[in-house]
Amino acid sequence: MFDTQCVAPTRENLERAAALWRAGEVVAFPTETVYGLGANALDEAAVRKIFAAKNRPADNPLIVHIARMEQLDALCEASPAARALMDAFWPGPLTILLPKKSAVPDIVTAGLDTVGVRMPSHSVAKALLLTANLPIAAPSANLSTRPSPTAAGHVMEDMQGRIPMVIDGGVCDVGVESTVLSLQGDKPVILRPGAVTMEMVASVIGNASVADSVMRPLKEGESAPSPGMRHRHYAPHGRMTLVCGEEGKVAEKIRALYSQSDNACVLARTQNLPLYKGLQVFDLGADEAAAAHNIFALLREADHRGFERIFSEGVVTRRVGLAVMNRMARAAAFDILEV
Ligand code: TXA
Ligand code: MG
């Protein structure tokens with residue numbers, strides 16, 4: 001058991017965090033997407049502590065975070081296409097899967113021969129990674145299956161007693177995890193949508209597609225292109241249903257379902273809040289970027305308030321909206337109604 005300290009990102013605390021990383025410990029830190037649960041990616045025993053702290057299945061690989069391009073060569077083989085994408089989108093919310101080098105322990109990649117690498121843009125993440133000067137393996141800093149943490153308080157809820165330190169860098173800007181892009185095979189494929197979209201990737205390297213498993217459950221016996229997509233994910237305790245379709249009809253359907261349920265709440269876009277007068281309703285935000293920023297915090301809030309049923313509007317799938325719908329669909333265990 002640790003007496004977990006949640007501390008401000010002062011120079012002194014960044015030095016303390018870097019020292020913990022050098023000593024093989026786990027420290028949670030903010031990124032522009034969600035909080036990460038980091039350890040020295042080159043230290044197998046340290047990485048094992050990440051899996052233990054979050055109860056993560058050993059077959060789900062971790063992303064390695066860097067702050068300088070010079071750190072890349074020790075980790076992976078980067079093709080010209082990969083480098084063009086790094087030029088365009090790093091630092092930022094894009095993870096690229098590349099052939100791994102032997103310095104990266106197998107535990108990081110769950111035995112796969114590719115490693116996911118990313119350079120975060122959050123000022124605290126950058127400062128901390130530069131201070132430590134280590135490649136840092138980090139999954140999202142939630143307990144496995146729980147909604148990802150977008151504030152230090154969320155990390156403390158899940159990790160108190162399990163790790164020595166959380167660096168508090170405020171609320172994460174993007175709010176959903178990075179885009180995971182595979183450059184294996186002949187066509188670049190987005191395995192997990194994020195704020196860097198298919199159109200943005202294609203504008204740099206000519207083409208890209210989104211894995212079709214992004215918006216549907218895996219079939220019996222089907223293997224996931226990205227292991228993380230196989231596991232139950234992002235789930236609140238309350239049972240969630242996602243209602244999509246024509247404006248107006250969605251609100252009507254949600255109101256009907258709500259009236260038949262005990263202890264229910266609604267997630268709705270700002271402009272639709274008046275349609276749910278008298279109901280327990282949470283504001284998703286006015287557009288898809290706001291919904292990305294808010295979604296995980298709202299799922300946690302619904303849990304805190306003890307709601308057993310959650311009915312959510314969908315959002316448009318343009319820009320970061322596809323990532324929001326991907327996370328919502330999984331939070332709802334694919335209980336999606338089209339009206
Ligand atoms: O924004 C983010 O990516 C955050 C912050 C902390 O950087 N990290 C994050 O990590 O979301 P995690 O572990 O929660 O999600 C990583 C996803 C998982 O779905 C995992 O299966 C996939 O990336 N992944 C990682 N390495 C992979 C690989 N070599 N092949 C296929 N999928 C991989
Ligand atoms: Mg995660």
# chains A, B, ... in the order shown; residues from 1 in each chain; ligands from 1
call {"tool": "residues_near_ligand", "arguments": {"ligand": "ligand 2", "cutoff": "8 Å", "atoms": "only C-alpha atoms and all ligand atoms", "output": "PyMOL selection string"}}
result
chain A and resi 139-142+144-145+148+177+228+233-234
call {"tool": "write_last_selection", "arguments": {"atoms": "C-alpha atoms", "output": "compact mmCIF listing (two decimals), in the first residue's frame"}}
result
# COMPACT_ATOMS: atom_id res chain seq x y z
CA PRO A 139 -1.89 3.27 -20.37
CA SER A 140 -4.78 5.46 -19.24
CA ALA A 141 -4.62 5.82 -15.44
CA ASN A 142 -8.00 4.20 -14.67
CA SER A 144 -9.21 -1.62 -16.10
CA THR A 145 -12.80 -1.33 -17.52
CA SER A 148 -10.57 6.94 -18.45
CA GLU A 177 -7.55 8.89 -25.74
CA GLY A 228 -7.71 -3.05 -26.09
CA HIS A 233 -14.23 -0.80 -21.61
CA TYR A 234 -15.05 2.65 -20.32
call {"tool": "residues_near_ligand", "arguments": {"ligand": "ligand 1", "cutoff": "7 Å", "atoms": "only C-alpha atoms and all ligand atoms", "output": "JSON, numbers by chain"}}
result
{"A": [31, 33, 34, 35, 36, 37, 60, 61, 62, 63, 93, 95, 97, 109, 112, 113, 114, 115, 116, 120, 138, 139, 140, 141, 176, 177, 178, 179, 180, 192, 225, 226, 227, 228, 229]}
call {"tool": "closest_residue", "arguments": {"among": "A:Gln160, A:Ser259, A:Gln71, A:Thr317", "to": "Asp287 (chain A)", "atoms": "only C-alpha atoms"}}
result
A:Thr317
call {"tool": "atom_distance", "arguments": {"atom1": "CA of Val204 (chain A)", "atom2": "CA of Ala81 (chain A)"}}
result
8.4 Å
call {"tool": "residues_around", "arguments": {"residues": "region 98-104 of chain A", "least_positions_apart": "2", "cutoff": "9 Å", "atoms": "only C-alpha atoms", "output": "list in words"}}
result
Ala41, Leu42, Asp43, Glu44, Asp73, Ala74, Leu75, Cys76, Glu77, Ala78, Ser79, Ala82, Ile96, Asp106, Ile107, Val108, Thr109, Leu112, Asp113, Thr114, Val115, Gly116, Val117, Ser182, Leu183 and Gln184 of chain A
call {"tool": "select_by_dssp", "arguments": {"residues": "region 147-315 of chain A", "states": "helix (DSSP H, G or I)", "output": "PyMOL selection string"}}
result
chain A and resi 152-159+198-205+212-215+227-229+249-259+270-276+288-304
call {"tool": "select_by_dssp", "arguments": {"residues": "region 38-163 of chain A", "states": "strand (DSSP E)", "output": "PDB file with N, CA and C atoms, in the first residue's frame"}}
result
ATOM      1  N   GLY A  38       2.314   5.955 -15.710  1.00  0.00           N
ATOM      2  CA  GLY A  38       3.585   5.764 -16.370  1.00  0.00           C
ATOM      3  C   GLY A  38       4.643   5.032 -15.570  1.00  0.00           C
ATOM      4  N   ALA A  39       5.523   4.339 -16.303  1.00  0.00           N
ATOM      5  CA  ALA A  39       6.730   3.746 -15.716  1.00  0.00           C
ATOM      6  C   ALA A  39       7.780   3.652 -16.827  1.00  0.00           C
ATOM      7  N   ASN A  40       9.032   3.482 -16.441  1.00  0.00           N
ATOM      8  CA  ASN A  40      10.140   3.348 -17.389  1.00  0.00           C
ATOM      9  C   ASN A  40       9.874   2.190 -18.358  1.00  0.00           C
ATOM     10  N   ILE A  63       1.255   1.992 -24.638  1.00  0.00           N
ATOM     11  CA  ILE A  63       1.839   3.014 -25.505  1.00  0.00           C
ATOM     12  C   ILE A  63       3.092   3.570 -24.827  1.00  0.00           C
ATOM     13  N   VAL A  64       4.149   3.810 -25.616  1.00  0.00           N
ATOM     14  CA  VAL A  64       5.373   4.401 -25.071  1.00  0.00           C
ATOM     15  C   VAL A  64       5.416   5.889 -25.428  1.00  0.00           C
ATOM     16  N   HIS A  65       5.626   6.727 -24.402  1.00  0.00           N
ATOM     17  CA  HIS A  65       5.606   8.179 -24.548  1.00  0.00           C
ATOM     18  C   HIS A  65       7.021   8.730 -24.553  1.00  0.00           C
ATOM     19  N   LEU A  94      -1.687  11.466 -31.341  1.00  0.00           N
ATOM     20  CA  LEU A  94      -1.579  10.399 -32.347  1.00  0.00           C
ATOM     21  C   LEU A  94      -0.560   9.369 -31.884  1.00  0.00           C
ATOM     22  N   THR A  95      -1.017   8.109 -31.768  1.00  0.00           N
ATOM     23  CA  THR A  95      -0.124   6.986 -31.464  1.00  0.00           C
ATOM     24  C   THR A  95       0.092   6.197 -32.739  1.00  0.00           C
ATOM     25  N   ILE A  96       1.361   5.936 -33.068  1.00  0.00           N
ATOM     26  CA  ILE A  96       1.668   5.191 -34.292  1.00  0.00           C
ATOM     27  C   ILE A  96       2.282   3.846 -33.914  1.00  0.00           C
ATOM     28  N   LEU A  97       1.753   2.774 -34.492  1.00  0.00           N
ATOM     29  CA  LEU A  97       2.284   1.435 -34.235  1.00  0.00           C
ATOM     30  C   LEU A  97       3.401   1.158 -35.238  1.00  0.00           C
ATOM     31  N   LEU A  98       4.596   0.835 -34.726  1.00  0.00           N
ATOM     32  CA  LEU A  98       5.767   0.638 -35.584  1.00  0.00           C
ATOM     33  C   LEU A  98       6.539  -0.604 -35.144  1.00  0.00           C
ATOM     34  N   PRO A  99       7.307  -1.212 -36.071  1.00  0.00           N
ATOM     35  CA  PRO A  99       8.065  -2.410 -35.697  1.00  0.00           C
ATOM     36  C   PRO A  99       8.984  -2.106 -34.510  1.00  0.00           C
ATOM     37  N   THR A 114       5.017  -5.013 -32.831  1.00  0.00           N
ATOM     38  CA  THR A 114       4.941  -3.554 -33.005  1.00  0.00           C
ATOM     39  C   THR A 114       4.837  -2.888 -31.636  1.00  0.00           C
ATOM     40  N   VAL A 115       5.303  -1.639 -31.596  1.00  0.00           N
ATOM     41  CA  VAL A 115       5.153  -0.845 -30.371  1.00  0.00           C
ATOM     42  C   VAL A 115       4.434   0.457 -30.740  1.00  0.00           C
ATOM     43  N   GLY A 116       3.494   0.867 -29.889  1.00  0.00           N
ATOM     44  CA  GLY A 116       2.797   2.139 -30.075  1.00  0.00           C
ATOM     45  C   GLY A 116       3.625   3.254 -29.453  1.00  0.00           C
ATOM     46  N   VAL A 117       3.903   4.309 -30.244  1.00  0.00           N
ATOM     47  CA  VAL A 117       4.671   5.432 -29.703  1.00  0.00           C
ATOM     48  C   VAL A 117       3.892   6.731 -29.895  1.00  0.00           C
ATOM     49  N   ARG A 118       4.097   7.622 -28.931  1.00  0.00           N
ATOM     50  CA  ARG A 118       3.390   8.903 -29.002  1.00  0.00           C
ATOM     51  C   ARG A 118       4.179   9.965 -28.253  1.00  0.00           C
ATOM     52  N   ILE A 136       8.525   6.468 -21.544  1.00  0.00           N
ATOM     53  CA  ILE A 136       7.597   6.089 -20.473  1.00  0.00           C
ATOM     54  C   ILE A 136       6.403   5.323 -21.044  1.00  0.00           C
ATOM     55  N   ALA A 137       6.270   4.066 -20.621  1.00  0.00           N
ATOM     56  CA  ALA A 137       5.096   3.274 -21.000  1.00  0.00           C
ATOM     57  C   ALA A 137       3.942   3.737 -20.134  1.00  0.00           C
TER      58      ALA A 137
END
call {"tool": "residues_around", "arguments": {"residues": "Glu338 (chain A)", "least_positions_apart": "4", "cutoff": "7 Å", "atoms": "only C-alpha atoms", "output": "ChimeraX atom specification"}}
result
/A:243-245
call {"tool": "closest_residue", "arguments": {"among": "A:Glu12, A:Asp335, A:Glu25, A:Glu32", "to": "Val47 (chain A)", "atoms": "only C-alpha atoms"}}
result
A:Glu25
call {"tool": "closest_residue", "arguments": {"among": "A:Leu129, A:Ile336, A:Ala211, A:Met69", "to": "Phe311 (chain A)", "atoms": "only C-alpha atoms"}}
result
A:Ile336
call {"tool": "residues_around", "arguments": {"residues": "Met240 (chain A)", "least_positions_apart": "4", "cutoff": "7 Å", "atoms": "only C-alpha atoms", "output": "ChimeraX atom specification"}}
result
/A:309-311,331-332
call {"tool": "atom_distance", "arguments": {"atom1": "CA of Leu242 (chain A)", "atom2": "CA of Arg327 (chain A)"}}
result
10.9 Å
call {"tool": "residues_around", "arguments": {"residues": "Leu143 (chain A)", "least_positions_apart": "4", "cutoff": "10 Å", "atoms": "only C-alpha atoms", "output": "list in words"}}
result
Phe51, Ala52, Ala53, Lys54, Asn55, Arg56, Pro147, Ser148, Pro149, Val155, Glu157, Asp158, Met159 and Tyr234 of chain A
call {"tool": "write_last_selection", "arguments": {"atoms": "N, CA, C and O atoms", "output": "PDB file, in the first residue's frame"}}
result
ATOM      1  N   PHE A  51       0.657  -2.921 -14.922  1.00  0.00           N
ATOM      2  CA  PHE A  51      -0.398  -3.918 -15.152  1.00  0.00           C
ATOM      3  C   PHE A  51      -1.076  -4.282 -13.832  1.00  0.00           C
ATOM      4  O   PHE A  51      -2.306  -4.411 -13.763  1.00  0.00           O
ATOM      5  N   ALA A  52      -0.260  -4.417 -12.761  1.00  0.00           N
ATOM      6  CA  ALA A  52      -0.820  -4.795 -11.455  1.00  0.00           C
ATOM      7  C   ALA A  52      -1.691  -3.666 -10.906  1.00  0.00           C
ATOM      8  O   ALA A  52      -2.802  -3.911 -10.419  1.00  0.00           O
ATOM      9  N   ALA A  53      -1.202  -2.409 -11.001  1.00  0.00           N
ATOM     10  CA  ALA A  53      -1.937  -1.285 -10.394  1.00  0.00           C
ATOM     11  C   ALA A  53      -3.307  -1.119 -11.034  1.00  0.00           C
ATOM     12  O   ALA A  53      -4.269  -0.733 -10.374  1.00  0.00           O
ATOM     13  N   LYS A  54      -3.409  -1.415 -12.351  1.00  0.00           N
ATOM     14  CA  LYS A  54      -4.716  -1.172 -12.973  1.00  0.00           C
ATOM     15  C   LYS A  54      -5.508  -2.442 -13.261  1.00  0.00           C
ATOM     16  O   LYS A  54      -6.578  -2.369 -13.859  1.00  0.00           O
ATOM     17  N   ASN A  55      -5.018  -3.581 -12.779  1.00  0.00           N
ATOM     18  CA  ASN A  55      -5.665  -4.869 -13.055  1.00  0.00           C
ATOM     19  C   ASN A  55      -5.813  -5.091 -14.546  1.00  0.00           C
ATOM     20  O   ASN A  55      -6.840  -5.556 -15.028  1.00  0.00           O
ATOM     21  N   ARG A  56      -4.777  -4.732 -15.279  1.00  0.00           N
ATOM     22  CA  ARG A  56      -4.876  -4.817 -16.741  1.00  0.00           C
ATOM     23  C   ARG A  56      -4.492  -6.207 -17.216  1.00  0.00           C
ATOM     24  O   ARG A  56      -3.485  -6.763 -16.789  1.00  0.00           O
ATOM     25  N   PRO A 147     -14.126   4.170 -16.720  1.00  0.00           N
ATOM     26  CA  PRO A 147     -13.911   5.303 -17.630  1.00  0.00           C
ATOM     27  C   PRO A 147     -12.520   5.902 -17.445  1.00  0.00           C
ATOM     28  O   PRO A 147     -12.022   5.975 -16.319  1.00  0.00           O
ATOM     29  N   SER A 148     -11.909   6.352 -18.528  1.00  0.00           N
ATOM     30  CA  SER A 148     -10.570   6.941 -18.445  1.00  0.00           C
ATOM     31  C   SER A 148     -10.609   8.226 -17.608  1.00  0.00           C
ATOM     32  O   SER A 148     -11.607   8.941 -17.609  1.00  0.00           O
ATOM     33  N   PRO A 149      -9.506   8.521 -16.897  1.00  0.00           N
ATOM     34  CA  PRO A 149      -9.470   9.704 -16.033  1.00  0.00           C
ATOM     35  C   PRO A 149      -9.068  10.957 -16.795  1.00  0.00           C
ATOM     36  O   PRO A 149      -8.057  10.981 -17.488  1.00  0.00           O
ATOM     37  N   VAL A 155      -8.072   9.980 -11.122  1.00  0.00           N
ATOM     38  CA  VAL A 155      -6.946   9.057 -10.926  1.00  0.00           C
ATOM     39  C   VAL A 155      -6.899   8.631  -9.462  1.00  0.00           C
ATOM     40  O   VAL A 155      -6.733   7.443  -9.155  1.00  0.00           O
ATOM     41  N   GLU A 157      -9.355   8.451  -7.355  1.00  0.00           N
ATOM     42  CA  GLU A 157     -10.455   7.507  -7.097  1.00  0.00           C
ATOM     43  C   GLU A 157     -10.014   6.068  -7.369  1.00  0.00           C
ATOM     44  O   GLU A 157     -10.344   5.154  -6.627  1.00  0.00           O
ATOM     45  N   ASP A 158      -9.314   5.895  -8.486  1.00  0.00           N
ATOM     46  CA  ASP A 158      -8.973   4.534  -8.927  1.00  0.00           C
ATOM     47  C   ASP A 158      -7.634   4.038  -8.375  1.00  0.00           C
ATOM     48  O   ASP A 158      -7.434   2.836  -8.231  1.00  0.00           O
ATOM     49  N   MET A 159      -6.696   4.963  -8.129  1.00  0.00           N
ATOM     50  CA  MET A 159      -5.303   4.545  -7.874  1.00  0.00           C
ATOM     51  C   MET A 159      -4.821   4.806  -6.450  1.00  0.00           C
ATOM     52  O   MET A 159      -3.693   4.450  -6.122  1.00  0.00           O
ATOM     53  N   TYR A 234     -14.466   1.327 -20.562  1.00  0.00           N
ATOM     54  CA  TYR A 234     -15.047   2.651 -20.316  1.00  0.00           C
ATOM     55  C   TYR A 234     -16.366   2.586 -19.567  1.00  0.00           C
ATOM     56  O   TYR A 234     -17.199   3.470 -19.673  1.00  0.00           O
TER      57      TYR A 234
END
call {"tool": "closest_residue", "arguments": {"among": "A:Gly321, A:Gly278, A:Gly161, A:Gly238", "to": "Ala302 (chain A)", "atoms": "only C-alpha atoms"}}
result
A:Gly238
